[in-house]
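Participant: Got protein_24.txt for you, compact mmCIF, C-alpha atoms and all ligand atoms:
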# COMPACT_ATOMS: atom_id res chain seq x y z
CA MET A 29 16.91 12.80 -15.45
CA SER A 30 15.90 9.67 -13.55
CA ASN A 31 13.50 9.16 -10.76
CA LEU A 32 15.25 8.47 -7.50
CA ILE A 33 14.31 5.26 -5.69
CA ASP A 34 14.12 6.25 -2.05
CA GLY A 35 15.41 3.26 -0.07
CA LYS A 36 15.16 5.15 3.21
CA GLN A 37 11.45 5.79 2.80
CA ILE A 38 10.59 2.33 1.50
CA SER A 39 12.63 0.65 4.25
CA ALA A 40 10.84 2.80 6.86
CA GLN A 41 7.50 1.48 5.56
CA VAL A 42 8.71 -2.13 5.78
CA LYS A 43 9.98 -1.57 9.33
CA GLU A 44 6.66 0.03 10.37
CA GLN A 45 4.83 -3.06 9.11
CA VAL A 46 7.24 -5.34 11.01
CA ALA A 47 6.75 -3.23 14.16
CA ARG A 48 2.97 -3.59 13.87
CA GLU A 49 3.29 -7.35 13.54
CA THR A 50 5.75 -7.79 16.42
CA ALA A 51 3.37 -5.74 18.61
CA ALA A 52 0.52 -8.09 17.65
CA LEU A 53 2.69 -11.11 18.51
CA ARG A 54 3.59 -9.57 21.87
CA GLU A 55 -0.13 -9.41 22.66
CA LYS A 56 -0.14 -13.20 22.20
CA GLY A 57 2.89 -13.52 24.51
CA ILE A 58 5.37 -14.11 21.66
CA THR A 59 8.58 -12.07 21.60
CA VAL A 60 10.89 -11.75 18.61
CA GLY A 61 14.68 -11.88 19.07
CA LEU A 62 17.73 -11.56 16.82
CA ALA A 63 21.27 -12.52 17.83
CA VAL A 64 23.96 -10.54 16.01
CA VAL A 65 27.50 -11.90 16.22
CA ILE A 66 30.50 -9.80 15.26
CA VAL A 67 34.06 -11.10 15.41
CA GLY A 68 36.91 -8.57 15.37
CA ASP A 69 36.81 -4.84 14.89
CA ASP A 70 36.29 -4.23 11.18
CA PRO A 71 34.91 -0.66 11.10
CA ALA A 72 32.44 -1.33 8.25
CA SER A 73 31.08 -4.41 10.04
CA ARG A 74 30.71 -2.38 13.23
CA ILE A 75 28.61 0.23 11.39
CA TYR A 76 26.39 -2.49 9.84
CA VAL A 77 25.91 -4.19 13.19
CA ASN A 78 25.02 -0.91 14.92
CA ASN A 79 22.48 -0.16 12.18
CA LYS A 80 20.97 -3.63 12.60
CA LYS A 81 20.66 -3.13 16.35
CA ARG A 82 18.97 0.24 15.84
CA ALA A 83 16.51 -1.27 13.37
CA CYS A 84 15.66 -3.99 15.93
CA GLU A 85 14.69 -1.26 18.42
CA THR A 86 12.45 0.41 15.82
CA CYS A 87 10.78 -2.90 15.02
CA GLY A 88 10.20 -4.13 18.57
CA ILE A 89 12.71 -6.94 18.09
CA GLN A 90 14.98 -7.84 20.98
CA SER A 91 18.63 -7.81 19.86
CA PHE A 92 21.37 -9.83 21.50
CA GLU A 93 24.84 -8.69 20.52
CA TYR A 94 27.88 -10.96 20.80
CA ALA A 95 31.07 -9.01 20.08
CA LEU A 96 34.02 -11.42 20.08
CA PRO A 97 37.71 -10.56 19.74
CA GLY A 98 39.39 -10.98 16.35
CA THR A 99 41.50 -13.81 17.79
CA THR A 100 38.44 -15.98 18.52
CA SER A 101 38.90 -19.61 17.42
CA GLU A 102 36.54 -21.37 15.03
CA ALA A 103 35.63 -23.84 17.79
CA LYS A 104 34.62 -21.01 20.13
CA LEU A 105 32.41 -19.40 17.50
CA LEU A 106 30.81 -22.74 16.61
CA GLU A 107 30.12 -23.28 20.32
CA LEU A 108 28.33 -19.91 20.48
CA VAL A 109 26.26 -20.72 17.37
CA GLU A 110 25.21 -24.03 18.95
CA LYS A 111 24.15 -22.21 22.10
CA LEU A 112 22.09 -19.70 20.07
CA ASN A 113 20.51 -22.53 18.03
CA GLY A 114 19.14 -23.89 21.30
CA ASP A 115 18.06 -20.55 22.82
CA PRO A 116 14.28 -20.11 22.48
CA ALA A 117 14.55 -16.31 22.91
CA VAL A 118 16.65 -16.18 19.73
CA ASN A 119 14.58 -16.52 16.55
CA GLY A 120 17.25 -15.33 14.14
CA ILE A 121 21.05 -15.66 14.11
CA LEU A 122 23.21 -13.35 12.06
CA VAL A 123 26.98 -13.81 12.00
CA GLN A 124 28.41 -10.71 10.39
CA LEU A 125 30.77 -11.47 7.50
CA PRO A 126 33.63 -11.34 6.72
CA LEU A 127 35.12 -13.44 9.52
CA PRO A 128 38.82 -13.46 10.50
CA LYS A 129 41.08 -15.79 8.49
CA GLN A 130 41.29 -18.55 11.13
CA ILE A 131 37.52 -19.17 10.89
CA SER A 132 35.81 -20.94 7.97
CA GLU A 133 32.74 -18.92 6.97
CA GLN A 134 31.23 -21.98 5.31
CA LYS A 135 31.55 -24.06 8.48
CA VAL A 136 29.93 -21.34 10.57
CA ILE A 137 27.06 -20.82 8.11
CA ALA A 138 26.51 -24.61 8.01
CA ALA A 139 26.30 -24.68 11.82
CA ILE A 140 23.43 -22.17 12.00
CA SER A 141 20.05 -23.87 12.29
CA PRO A 142 18.29 -23.29 8.92
CA GLU A 143 15.14 -22.16 10.77
CA LYS A 144 17.17 -19.34 12.38
CA ASP A 145 19.26 -18.48 9.30
CA VAL A 146 17.75 -15.05 8.64
CA ASP A 147 20.52 -14.27 6.12
CA ALA A 148 19.38 -17.29 4.06
CA PHE A 149 23.03 -18.30 3.58
CA HIS A 150 22.69 -21.94 4.73
CA ALA A 151 22.81 -24.55 1.94
CA VAL A 152 19.32 -25.74 2.90
CA ASN A 153 17.90 -22.24 2.43
CA VAL A 154 19.93 -21.62 -0.73
CA GLY A 155 18.53 -24.87 -2.13
CA LYS A 156 14.98 -23.92 -1.17
CA ILE A 157 15.38 -20.60 -2.96
CA MET A 158 16.69 -22.41 -6.03
CA ILE A 159 13.51 -24.51 -6.24
CA GLY A 160 11.30 -21.52 -5.42
CA ASP A 161 9.90 -22.86 -2.12
CA TYR A 162 11.52 -20.87 0.64
CA ASP A 163 11.03 -19.43 4.14
CA PHE A 164 13.49 -16.54 3.85
CA LEU A 165 15.05 -14.63 1.02
CA PRO A 166 18.60 -13.26 1.33
CA CYS A 167 18.35 -9.71 2.63
CA THR A 168 20.15 -7.70 -0.04
CA PRO A 169 18.61 -9.34 -3.15
CA ALA A 170 15.14 -9.32 -1.58
CA GLY A 171 15.61 -5.64 -0.69
CA CYS A 172 16.60 -4.93 -4.31
CA LEU A 173 13.45 -6.68 -5.52
CA THR A 174 11.31 -4.49 -3.25
CA LEU A 175 13.04 -1.41 -4.68
CA ILE A 176 12.45 -2.56 -8.26
CA ASP A 177 8.78 -3.24 -7.44
CA SER A 178 8.45 0.27 -5.99
CA THR A 179 9.07 1.74 -9.45
CA GLY A 180 6.02 -0.01 -10.91
CA VAL A 181 8.24 -1.45 -13.67
CA SER A 182 7.31 -5.09 -14.23
CA ILE A 183 10.19 -7.61 -14.27
CA GLU A 184 8.30 -10.18 -16.35
CA GLY A 185 9.88 -10.74 -19.74
CA LYS A 186 12.42 -7.94 -19.23
CA ARG A 187 16.14 -8.17 -19.82
CA CYS A 188 17.79 -8.19 -16.42
CA VAL A 189 21.55 -7.99 -16.01
CA VAL A 190 23.29 -8.65 -12.69
CA ILE A 191 26.95 -7.66 -12.47
CA GLY A 192 28.62 -9.81 -9.82
CA ARG A 193 28.24 -13.50 -8.91
CA SER A 194 28.74 -13.62 -5.14
CA ASN A 195 26.79 -16.08 -3.02
CA ILE A 196 25.43 -13.18 -0.96
CA VAL A 197 24.17 -10.95 -3.78
CA GLY A 198 24.80 -11.80 -7.43
CA LYS A 199 23.70 -15.45 -7.60
CA PRO A 200 20.55 -15.15 -5.45
CA MET A 201 19.64 -11.84 -7.13
CA ALA A 202 19.68 -13.55 -10.51
CA MET A 203 17.50 -16.36 -9.15
CA LEU A 204 14.90 -13.96 -7.71
CA LEU A 205 14.67 -12.08 -11.01
CA LEU A 206 14.28 -15.43 -12.79
CA HIS A 207 11.44 -16.38 -10.42
CA ARG A 208 9.73 -13.18 -11.56
CA ASN A 209 10.09 -14.27 -15.18
CA GLY A 210 12.91 -11.89 -16.04
CA THR A 211 15.37 -12.90 -18.76
CA VAL A 212 18.52 -12.88 -16.69
CA THR A 213 22.21 -12.55 -17.52
CA ILE A 214 24.93 -12.72 -14.87
CA CYS A 215 28.10 -10.82 -15.72
CA HIS A 216 31.40 -11.11 -13.87
CA SER A 217 35.11 -10.33 -14.06
CA ARG A 218 35.64 -12.72 -17.02
CA THR A 219 32.65 -11.53 -19.04
CA GLN A 220 33.43 -10.42 -22.57
CA ASP A 221 31.57 -7.45 -24.06
CA LEU A 222 30.32 -6.37 -20.64
CA LYS A 223 29.34 -2.91 -21.85
CA GLU A 224 27.21 -4.24 -24.72
CA ILE A 225 25.44 -6.73 -22.45
CA CYS A 226 24.69 -4.09 -19.80
CA ARG A 227 23.38 -1.72 -22.46
CA GLU A 228 20.63 -4.25 -23.26
CA ALA A 229 19.38 -4.29 -19.68
CA ASP A 230 15.95 -2.96 -18.76
CA ILE A 231 16.90 -3.74 -15.17
CA LEU A 232 20.58 -3.47 -14.20
CA VAL A 233 21.83 -4.57 -10.78
CA ALA A 234 25.44 -3.68 -9.93
CA ALA A 235 27.10 -5.71 -7.19
CA VAL A 236 30.76 -5.40 -8.12
CA GLY A 237 32.48 -3.64 -5.24
CA LYS A 238 34.25 -1.07 -7.40
CA ALA A 239 33.50 2.65 -7.21
CA ASN A 240 32.00 4.18 -10.38
CA PHE A 241 32.29 0.87 -12.28
CA VAL A 242 29.02 1.38 -14.17
CA THR A 243 29.32 4.37 -16.48
CA ALA A 244 26.58 6.09 -18.50
CA ASP A 245 27.62 4.38 -21.75
CA MET A 246 26.79 1.00 -20.15
CA VAL A 247 23.20 1.97 -19.39
CA LYS A 248 20.12 1.77 -21.61
CA GLU A 249 17.96 4.89 -21.78
CA GLY A 250 15.16 4.58 -19.20
CA ALA A 251 16.58 1.49 -17.41
CA VAL A 252 16.05 0.70 -13.73
CA VAL A 253 19.50 0.83 -12.10
CA ILE A 254 20.02 -0.75 -8.69
CA ASP A 255 23.37 -0.02 -7.03
CA VAL A 256 24.40 -2.56 -4.38
CA GLY A 257 27.94 -1.14 -4.05
CA MET A 258 29.24 0.36 -0.81
CA ASN A 259 32.69 1.67 -1.51
CA ARG A 260 34.61 3.95 0.79
CA LEU A 261 36.60 6.55 -1.14
CA GLU A 262 39.95 7.91 0.07
CA ASN A 263 38.20 11.08 1.24
CA GLY A 264 35.98 8.92 3.46
CA LYS A 265 32.88 9.40 1.29
CA LEU A 266 30.62 6.40 0.68
CA CYS A 267 29.95 5.67 -2.96
CA GLY A 268 28.27 2.93 -4.98
CA ASP A 269 29.32 0.90 -8.03
CA VAL A 270 27.48 3.28 -10.35
CA ASP A 271 28.72 6.65 -11.60
CA PHE A 272 25.60 8.19 -10.11
CA GLU A 273 25.69 11.74 -11.49
CA ALA A 274 26.22 10.63 -15.10
CA VAL A 275 23.97 7.56 -15.01
CA ARG A 276 21.04 9.39 -13.45
CA GLU A 277 20.81 11.49 -16.63
CA LYS A 278 20.18 8.34 -18.64
CA ALA A 279 18.41 5.83 -16.41
CA GLY A 280 14.67 5.88 -15.80
CA TRP A 281 15.09 4.96 -12.16
CA ILE A 282 18.16 4.79 -9.93
CA THR A 283 19.04 4.04 -6.30
CA PRO A 284 21.37 6.45 -4.47
CA VAL A 285 24.26 5.37 -2.23
CA PRO A 286 23.82 5.86 0.66
CA GLY A 287 20.04 5.71 1.07
CA GLY A 288 19.22 3.03 -1.50
CA VAL A 289 19.90 -0.69 -1.10
CA GLY A 290 21.65 -0.45 2.31
CA PRO A 291 18.56 0.47 4.38
CA MET A 292 16.49 -2.11 2.47
CA THR A 293 18.92 -4.91 3.38
CA ILE A 294 18.37 -4.13 7.04
CA ALA A 295 14.60 -3.79 6.70
CA THR A 296 14.49 -7.21 4.99
CA LEU A 297 16.53 -8.67 7.85
CA MET A 298 13.86 -7.41 10.24
CA ARG A 299 11.15 -8.97 8.08
CA ASN A 300 13.05 -12.28 7.99
CA THR A 301 13.48 -12.28 11.76
CA LEU A 302 9.73 -11.77 12.16
CA SER A 303 9.08 -14.63 9.69
CA ALA A 304 11.47 -16.86 11.67
CA ALA A 305 9.62 -16.11 14.91
CA LYS A 306 6.29 -16.89 13.26
CA LEU A 307 7.60 -20.17 11.85
CA GLN A 308 9.09 -21.23 15.18
CA ASN A 309 5.86 -20.39 17.01
CA GLN A 310 3.61 -21.92 14.33
CA VAL A 311 1.90 -18.59 13.72
CA LYS A 312 0.41 -18.29 10.22
CA ALA A 313 2.22 -15.82 7.94
N1 LIG A 401 28.41 -8.75 5.40
C1 LIG A 401 28.05 -7.95 4.37
N2 LIG A 401 26.73 -8.14 4.09
C2 LIG A 401 26.28 -9.07 4.95
C3 LIG A 401 25.01 -9.67 5.16
O1 LIG A 401 24.02 -9.40 4.46
N3 LIG A 401 24.94 -10.56 6.16
C4 LIG A 401 26.01 -10.90 6.92
N4 LIG A 401 25.85 -11.82 7.88
N5 LIG A 401 27.21 -10.37 6.75
C5 LIG A 401 27.33 -9.45 5.78
What would the structure in this file look like if it were written as structure tokens?
Ligand code: GUN
Facilitator:
Amino acid sequence: MSNLIDGKQISAQVKEQVARETAALREKGITVGLAVVIVGDDPASRIYVNNKKRACETCGIQSFEYALPGTTSEAKLLELVEKLNGDPAVNGILVQLPLPKQISEQKVIAAISPEKDVDAFHAVNVGKIMIGDYDFLPCTPAGCLTLIDSTGVSIEGKRCVVIGRSNIVGKPMAMLLLHRNGTVTICHSRTQDLKEICREADILVAAVGKANFVTADMVKEGAVVIDVGMNRLENGKLCGDVDFEAVREKAGWITPVPGGVGPMTIATLMRNTLSAAKLQNQVKA
């Protein structure tokens, strides 16, 4: 039976720390602000955005919501991003993805000022992460790293397997594990012998987007299993990429869904927004 990694509790600690620091900045006359842009009415995006706004309140961060209709043109969204780039009350800009088809996500990400890119999606920030000299880490992978660290299991020299190669999770996750001296393998939809590779992993991160994709026979006894998946089942229940009940019997540590990676992503966003405000106000970290 594995130990549960409590993302709710760990994220609460991170948010408390952020709240303490934003209060200290306020004493110096510095406020911290995050602009959250949502285009269209995707129900999952709406839930994420609401959770982000609630976290801002907890952390003493001012949130500015821009909810635009799904028919919004790319030019209109780019115009808004430009305005937010120039707004001194806005330290961080988050454009919730996915965007409607008529808008290029890459163009919008490229338009966000790298200093305000609290998602760390901009090519400048991605490049900085690649060379290991960065201002922000992408929220979900950084949150996963905090969860792994909470177990006390060292990453150094361990076999780490990441399933999924998205720009948001898989690729940066692999890079962060590499920075910690893990021996990293990225698996994806074309990977041969996936089960055998996963079974070697001391640390297994699943970011596939398929319910119950990781079964117990893919997991090494005692492994740390981090489940990034957020899949909505037909009955409305939220479930991860890992067959939780079976895998928890085998893993050493495991994150639940909900209550694992999700809250950590948001807590890391709060931390990044604070870092952005410090950078923009030349306050030492
Ligand atoms: N959509 C799903 N995850 C994310 C995220 O971390 N940031 C943004 N901007 N959109 C998302």
Participant: Counting only C-alpha atoms and all ligand atoms, name the residues that have an atom within 7 Å of an atom of ligand LIG 401 (chain A); the answer should be given as a PyMOL selection string.
Facilitator: chain A and resi 73+122-126+147+167-168+196+293
Participant: Need the neighbours of (13.9, -11.1, 23.7): which residues are at most 10 Å away, counting only C-alpha atoms, as a VMD selection string?
Facilitator: chain A and resid 58 to 63 88 to 92 116 to 119
Participant: Find the spatial neighbours of Tyr94 (chain A), counting all atoms listed in the file, within a cut-off of 9 Å - ignore same-chain residues fewer than 3 positions away - and output them as a PyMOL selection string.
Facilitator: chain A and resi 63-67+108
Participant: What gap, in Å, lies between CA of Arg48 (chain A) and CA of Ser178 (chain A)?
Facilitator: 21.0 Å
Participant: Quick one: of A:Ala83, A:Val189, A:Ala40, A:Leu204, who's nearest to Phe164 (chain A), counting only C-alpha atoms?
Facilitator: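 For Phe164 (chain A), the nearest of the candidates is A:Leu204.
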